[in-house]
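The data block below is model_15.cif; it holds mmCIF, C-alpha atoms.
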data_model
loop_
_atom_site.group_PDB
_atom_site.id
_atom_site.type_symbol
_atom_site.label_atom_id
_atom_site.label_comp_id
_atom_site.auth_asym_id
_atom_site.auth_seq_id
_atom_site.Cartn_x
_atom_site.Cartn_y
_atom_site.Cartn_z
ATOM 1 C CA MET A 1 -10.319 13.872 33.420
ATOM 2 C CA GLY A 2 -12.524 16.662 32.060
ATOM 3 C CA LYS A 3 -14.612 16.702 28.936
ATOM 4 C CA TYR A 4 -11.749 18.230 26.947
ATOM 5 C CA PHE A 5 -8.007 18.542 27.411
ATOM 6 C CA GLU A 6 -6.756 21.673 29.134
ATOM 7 C CA LEU A 7 -3.224 22.870 28.565
ATOM 8 C CA THR A 8 -1.255 23.838 31.693
ATOM 9 C CA ASP A 9 1.734 26.074 32.344
ATOM 10 C CA GLU A 10 3.734 22.991 33.285
ATOM 11 C CA ILE A 11 3.028 21.278 29.935
ATOM 12 C CA MET A 12 3.837 24.464 28.008
ATOM 13 C CA SER A 13 7.095 24.996 29.879
ATOM 14 C CA LYS A 14 8.237 21.451 28.959
ATOM 15 C CA ALA A 15 7.027 21.685 25.347
ATOM 16 C CA VAL A 16 9.411 21.439 22.399
ATOM 17 C CA ALA A 17 9.215 24.448 20.084
ATOM 18 C CA PHE A 18 11.378 23.218 17.204
ATOM 19 C CA MET A 19 11.561 20.059 15.096
ATOM 20 C CA PRO A 20 14.750 19.621 13.002
ATOM 21 C CA ILE A 21 14.161 19.761 9.257
ATOM 22 C CA ASN A 22 15.227 16.144 8.629
ATOM 23 C CA GLU A 23 12.636 14.944 11.153
ATOM 24 C CA LYS A 24 9.968 17.161 9.565
ATOM 25 C CA ALA A 25 10.723 15.682 6.141
ATOM 26 C CA GLU A 26 10.787 12.089 7.397
ATOM 27 C CA LEU A 27 7.572 12.377 9.421
ATOM 28 C CA ALA A 28 5.820 14.194 6.563
ATOM 29 C CA LYS A 29 6.638 11.304 4.209
ATOM 30 C CA GLU A 30 5.321 8.749 6.708
ATOM 31 C CA ILE A 31 2.094 10.692 7.233
ATOM 32 C CA ALA A 32 1.620 11.090 3.467
ATOM 33 C CA LYS A 33 2.020 7.330 2.952
ATOM 34 C CA THR A 34 -0.613 6.749 5.611
ATOM 35 C CA CYS A 35 -3.229 9.263 4.488
ATOM 36 C CA VAL A 36 -2.984 8.916 0.686
ATOM 37 C CA VAL A 37 -5.478 6.182 -0.110
ATOM 38 C CA VAL A 38 -7.283 4.590 -3.056
ATOM 39 C CA ILE A 39 -10.451 6.427 -4.043
ATOM 40 C CA PRO A 40 -13.394 4.141 -4.898
ATOM 41 C CA THR A 41 -14.122 3.686 -8.603
ATOM 42 C CA ALA A 42 -17.046 5.697 -9.946
ATOM 43 C CA GLU A 43 -20.107 3.595 -10.862
ATOM 44 C CA GLN A 44 -19.864 4.464 -14.570
ATOM 45 C CA ASN A 45 -16.284 3.166 -14.733
ATOM 46 C CA ILE A 46 -16.816 -0.262 -13.150
ATOM 47 C CA ASP A 47 -17.789 -1.999 -16.428
ATOM 48 C CA GLY A 48 -14.872 -0.383 -18.253
ATOM 49 C CA GLU A 49 -12.443 -1.796 -15.704
ATOM 50 C CA LYS A 50 -13.401 -5.293 -16.811
ATOM 51 C CA PHE A 51 -11.891 -4.489 -20.183
ATOM 52 C CA LEU A 52 -9.018 -2.094 -19.412
ATOM 53 C CA ALA A 53 -8.338 -1.485 -15.734
ATOM 54 C CA LEU A 54 -6.188 1.519 -14.952
ATOM 55 C CA PRO A 55 -4.390 1.649 -11.615
ATOM 56 C CA TYR A 56 -6.714 3.232 -9.073
ATOM 57 C CA VAL A 57 -6.818 6.977 -8.483
ATOM 58 C CA LYS A 58 -5.555 8.070 -5.070
ATOM 59 C CA GLY A 59 -6.563 10.936 -2.827
ATOM 60 C CA GLU A 60 -6.189 12.289 0.687
ATOM 61 C CA ASP A 61 -8.029 10.796 3.638
ATOM 62 C CA ARG A 62 -8.488 13.976 5.648
ATOM 63 C CA GLU A 63 -9.499 12.156 8.829
ATOM 64 C CA ILE A 64 -6.298 10.096 8.933
ATOM 65 C CA LYS A 65 -4.243 13.203 8.202
ATOM 66 C CA CYS A 66 -5.879 15.124 11.076
ATOM 67 C CA LEU A 67 -5.304 12.229 13.459
ATOM 68 C CA CYS A 68 -1.620 12.038 12.481
ATOM 69 C CA LEU A 69 -1.067 15.791 12.793
ATOM 70 C CA MET A 70 -2.740 15.923 16.198
ATOM 71 C CA GLN A 71 -0.641 12.999 17.413
ATOM 72 C CA ILE A 72 2.557 14.821 16.364
ATOM 73 C CA LEU A 73 1.415 18.001 18.108
ATOM 74 C CA LEU A 74 0.674 16.115 21.304
ATOM 75 C CA ASN A 75 3.577 13.686 21.395
ATOM 76 C CA TYR A 76 6.395 15.639 19.772
ATOM 77 C CA TYR A 77 5.688 19.283 20.519
ATOM 78 C CA LEU A 78 3.793 19.015 23.822
ATOM 79 C CA GLN A 79 5.615 15.855 24.975
ATOM 80 C CA LEU A 80 2.399 14.286 26.322
ATOM 81 C CA GLY A 81 3.172 10.676 25.404
ATOM 82 C CA VAL A 82 -0.360 9.908 24.212
ATOM 83 C CA GLU A 83 -0.737 6.167 23.673
ATOM 84 C CA THR A 84 -1.483 4.560 20.341
ATOM 85 C CA PRO A 85 -3.717 3.730 18.675
ATOM 86 C CA PHE A 86 -4.721 7.359 18.452
ATOM 87 C CA ASP A 87 -8.406 7.114 17.605
ATOM 88 C CA GLU A 88 -11.350 9.484 17.102
ATOM 89 C CA ALA A 89 -12.222 9.556 20.803
ATOM 90 C CA LYS A 90 -8.704 10.690 21.750
ATOM 91 C CA TYR A 91 -8.666 13.198 18.889
ATOM 92 C CA ASN A 92 -11.987 14.665 20.021
ATOM 93 C CA PHE A 93 -10.772 14.907 23.621
ATOM 94 C CA TYR A 94 -7.669 16.912 22.658
ATOM 95 C CA ALA A 95 -9.056 18.872 19.701
ATOM 96 C CA GLY A 96 -12.425 19.531 21.355
ATOM 97 C CA GLY A 97 -10.802 21.984 23.749
ATOM 98 C CA SER A 98 -9.295 23.914 20.795
ATOM 99 C CA ILE A 99 -5.757 22.970 21.688
ATOM 100 C CA LEU A 100 -4.158 25.230 19.081
ATOM 101 C CA ASN A 101 -6.121 28.185 20.458
ATOM 102 C CA GLN A 102 -5.025 27.243 23.970
ATOM 103 C CA ILE A 103 -1.411 27.448 22.779
ATOM 104 C CA GLU A 104 -2.234 30.720 21.001
ATOM 105 C CA ARG A 105 -3.481 32.206 24.267
ATOM 106 C CA TYR A 106 -0.047 31.599 25.809
ATOM 107 C CA LYS A 107 1.241 34.388 23.571
ATOM 108 C CA SER A 108 -0.047 36.769 26.264
ATOM 109 C CA ASN A 109 1.765 34.882 29.065
ATOM 110 C CA PHE A 110 4.969 36.810 29.778
ATOM 111 C CA ASP A 111 6.990 33.713 30.727
ATOM 112 C CA LEU A 112 5.780 31.425 27.938
ATOM 113 C CA LYS A 113 4.956 33.753 25.050
ATOM 114 C CA ASN A 114 8.210 33.090 23.153
ATOM 115 C CA LYS A 115 7.650 29.343 23.396
ATOM 116 C CA ALA A 116 4.046 29.736 22.189
ATOM 117 C CA PHE A 117 5.096 31.843 19.169
ATOM 118 C CA ASP A 118 7.944 29.479 18.280
ATOM 119 C CA LEU A 119 5.942 26.286 18.758
ATOM 120 C CA LEU A 120 3.011 27.490 16.628
ATOM 121 C CA ALA A 121 5.301 28.746 13.857
ATOM 122 C CA ASP A 122 7.253 25.488 13.765
ATOM 123 C CA TYR A 123 4.107 23.342 13.847
ATOM 124 C CA LYS A 124 2.655 25.415 10.995
ATOM 125 C CA GLU A 125 5.831 24.794 8.986
ATOM 126 C CA PHE A 126 5.596 21.069 9.740
ATOM 127 C CA ARG A 127 1.994 21.012 8.475
ATOM 128 C CA LYS A 128 3.187 22.617 5.231
ATOM 129 C CA PHE A 129 5.755 19.818 4.886
ATOM 130 C CA VAL A 130 2.930 17.297 5.261
ATOM 131 C CA ASP A 131 0.656 19.109 2.782
ATOM 132 C CA VAL A 132 3.389 19.266 0.142
ATOM 133 C CA GLU A 133 4.306 15.613 0.631
ATOM 134 C CA VAL A 134 0.648 14.545 0.349
ATOM 135 C CA ASN A 135 0.166 16.628 -2.812
ATOM 136 C CA ASN A 136 3.358 15.220 -4.352
ATOM 137 C CA LEU A 137 2.370 11.640 -3.586
ATOM 138 C CA ILE A 138 -1.113 12.141 -5.046
ATOM 139 C CA ALA A 139 0.336 13.746 -8.189
ATOM 140 C CA VAL A 140 2.787 10.883 -8.729
ATOM 141 C CA ASN A 141 0.147 8.194 -8.136
ATOM 142 C CA ASN A 142 -2.441 9.875 -10.376
ATOM 143 C CA ASP A 143 -0.161 10.667 -13.312
ATOM 144 C CA THR A 144 -2.417 9.843 -16.268
ATOM 145 C CA LEU A 145 0.304 8.690 -18.649
ATOM 146 C CA ALA A 146 1.991 6.475 -16.048
ATOM 147 C CA ARG A 147 -1.357 4.930 -15.099
ATOM 148 C CA PHE A 148 -2.190 4.304 -18.771
ATOM 149 C CA ILE A 149 1.200 2.685 -19.449
ATOM 150 C CA ALA A 150 0.802 0.496 -16.354
ATOM 151 C CA SER A 151 -2.610 -0.653 -17.596
ATOM 152 C CA ILE A 152 -1.169 -1.451 -21.039
ATOM 153 C CA GLN A 153 1.557 -3.542 -19.398
ATOM 154 C CA VAL A 154 -1.082 -5.515 -17.514
ATOM 155 C CA PHE A 155 -3.327 -5.739 -20.571
ATOM 156 C CA SER A 156 -0.533 -6.939 -22.880
ATOM 157 C CA ASN A 157 -0.303 -10.213 -20.982
ATOM 158 C CA PRO A 158 -1.575 -12.964 -23.408
ATOM 159 C CA GLU A 159 -4.241 -14.145 -20.975
ATOM 160 C CA ASN A 160 -5.558 -10.606 -20.568
ATOM 161 C CA ILE A 161 -5.548 -10.059 -24.342
ATOM 162 C CA LYS A 162 -7.707 -13.174 -24.713
ATOM 163 C CA LYS A 163 -10.117 -11.878 -22.030
ATOM 164 C CA GLY A 164 -10.194 -8.493 -23.746
ATOM 165 C CA LEU A 165 -11.026 -10.035 -27.116
ATOM 166 C CA GLU A 166 -13.802 -12.102 -25.542
ATOM 167 C CA GLU A 167 -15.226 -8.976 -23.906
ATOM 168 C CA LEU A 168 -15.036 -7.080 -27.218
ATOM 169 C CA GLN A 169 -16.824 -9.927 -28.955
ATOM 170 C CA LYS A 170 -19.641 -9.836 -26.374
ATOM 171 C CA VAL A 171 -19.966 -6.086 -26.736
ATOM 172 C CA SER A 172 -19.938 -6.229 -30.531
ATOM 173 C CA GLU A 173 -22.607 -8.963 -30.548
ATOM 174 C CA GLY A 174 -24.804 -6.819 -28.326
ATOM 175 C CA TYR A 175 -24.156 -3.816 -30.555
ATOM 176 C CA SER A 176 -25.002 -5.822 -33.698
ATOM 177 C CA GLU A 177 -28.287 -6.951 -32.135
ATOM 178 C CA ALA A 178 -29.140 -3.368 -31.207
ATOM 179 C CA LEU A 179 -28.433 -2.240 -34.805
ATOM 180 C CA LYS A 180 -30.663 -4.971 -36.224
ATOM 181 C CA LYS A 181 -33.501 -3.910 -33.929
ATOM 182 C CA LYS A 182 -33.046 -0.271 -34.939
ATOM 183 C CA LYS A 183 -33.052 -1.258 -38.618
ATOM 184 C CA ILE A 184 -36.286 -3.244 -38.219
ATOM 185 C CA VAL A 185 -37.931 -0.352 -36.367
ATOM 186 C CA SER A 186 -36.647 2.069 -38.993
ATOM 187 C CA GLU A 187 -37.978 -0.097 -41.871
ATOM 188 C CA ASN A 188 -41.348 -0.417 -40.154
ATOM 189 C CA ILE A 189 -41.597 3.349 -39.705
ATOM 190 C CA THR A 190 -40.660 3.917 -43.366
ATOM 191 C CA GLU A 191 -43.166 1.321 -44.610
ATOM 192 C CA ASN A 192 -45.986 2.810 -42.515
ATOM 193 C CA LYS A 193 -45.547 6.283 -44.019
#
If you took the structure in this file and wrote it as structure tokens, what would it be?
Amino acid sequence: MGKYFELTDEIMSKAVAFMPINEKAELAKEIAKTCVVVIPTAEQNIDGEKFLALPYVKGEDREIKCLCLMQILLNYYLQLGVETPFDEAKYNFYAGGSILNQIERYKSNFDLKNKAFDLLADYKEFRKFVDVEVNNLIAVNNDTLARFIASIQVFSNPENIKKGLEELQKVSEGYSEALKKKKIVSENITENK
């Protein structure tokens, strides 16, 4: 086995150049579920979550998405039967040899050019399915109003209301102390003038 994967005429001749639309849609949904993940809370929001925690914001994990797309290219389109788990080492082996460019170069091969054109066009369409599904899932999960309503539902639980009131009381006590200190400093400044 070489440093990178090299596509052969035999593999290209056995490749599948079309995925039915229902399979594209189904696989795109599965990939989106896998690569849309919770984004860590920003430092400045951690204290606020103690009082009113919104459902977490979600985003795309690009690495997982690339791994999934490469696995579909290899196993569905090129029929290579690459074993799972499909990890970074396997990805680097197949992608490191610029596999899409290798397919692209088959456009100049008289016997396989139609397959190369068709396969690349269909794979590109499949990637669009995945991109749209990922964007839709992120939009639904990050809907501000829905997240706010979900947090209110959690917060309206009597136990959580009690915790919230306790937290407000702590904050207000700290605020009152800070005001007293400011007032004393302010009075001292005024008296010293």
Selected by the PyMOL selection byres ((chain A and resi 35) around 7) in the shown coordinates: which residues, as number ranges by chain? A: 31-34, 36-37, 60-61, 64-65
Determine the residue set returned by the PyMOL selection byres ((chain A and resi 91) around 12) for the present structure, and present it as a VMD selection string. chain A and resid 4 to 5 63 to 74 82 to 90 92 to 99
With distances taken over only C-alpha atoms, which of A:Leu165, A:Leu119, A:Val140, A:Leu27 is nearest to Ala15 (chain A)?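 Answer, going by the shortest atom-to-atom distance: A:Leu119.
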Within 10 Å of Lys29 (chain A), counting only C-alpha atoms, which residues qualify if same-chain residues fewer than 2 places away don't, as a ChimeraX atom specification? /A:23-27,31-34,129-134,136-137
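Evaluated against the shown file, the PyMOL selection byres ((chain A and resi 116) around 9) gives Met12, Ala17, Ile103, Glu104, Arg105, Tyr106, Lys107, Asn109, Leu112, Lys113, Asn114, Lys115, Phe117, Asp118, Leu119, Leu120 and Ala121 of chain A.
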Could you please determine the separation between CA of Lys124 (chain A) and CA of Tyr77 (chain A) in Å, to one decimal place?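 Computing it gives 11.7 Å between the two atoms.
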Would you work out the distance separating CA of Leu80 (chain A) from CA of Arg127 (chain A), expressed in Å to one decimal? 19.1 Å
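The interatomic distance for the pair CA of Pro20 (chain A) and CA of Gly81 (chain A) works out to 19.2 Å.
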Please determine, counting only C-alpha atoms, which residue among A:Asp122, A:Asp111, A:Glu159, A:Asp143 has the shortest atom-to-atom distance to Ser13 (chain A).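 Answer, going by the shortest atom-to-atom distance: A:Asp111.
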Counting all atoms listed in the file, which of A:Val57, A:Leu7, A:Ala28, A:Val38 gets nearest to Ala146 (chain A)? A:Val57
Determine the nearest neighbour of Lys14 (chain A) from the options A:Asn135, A:Gln169, A:Asn101, A:Gln79, counting all atoms listed in the file. A:Gln79
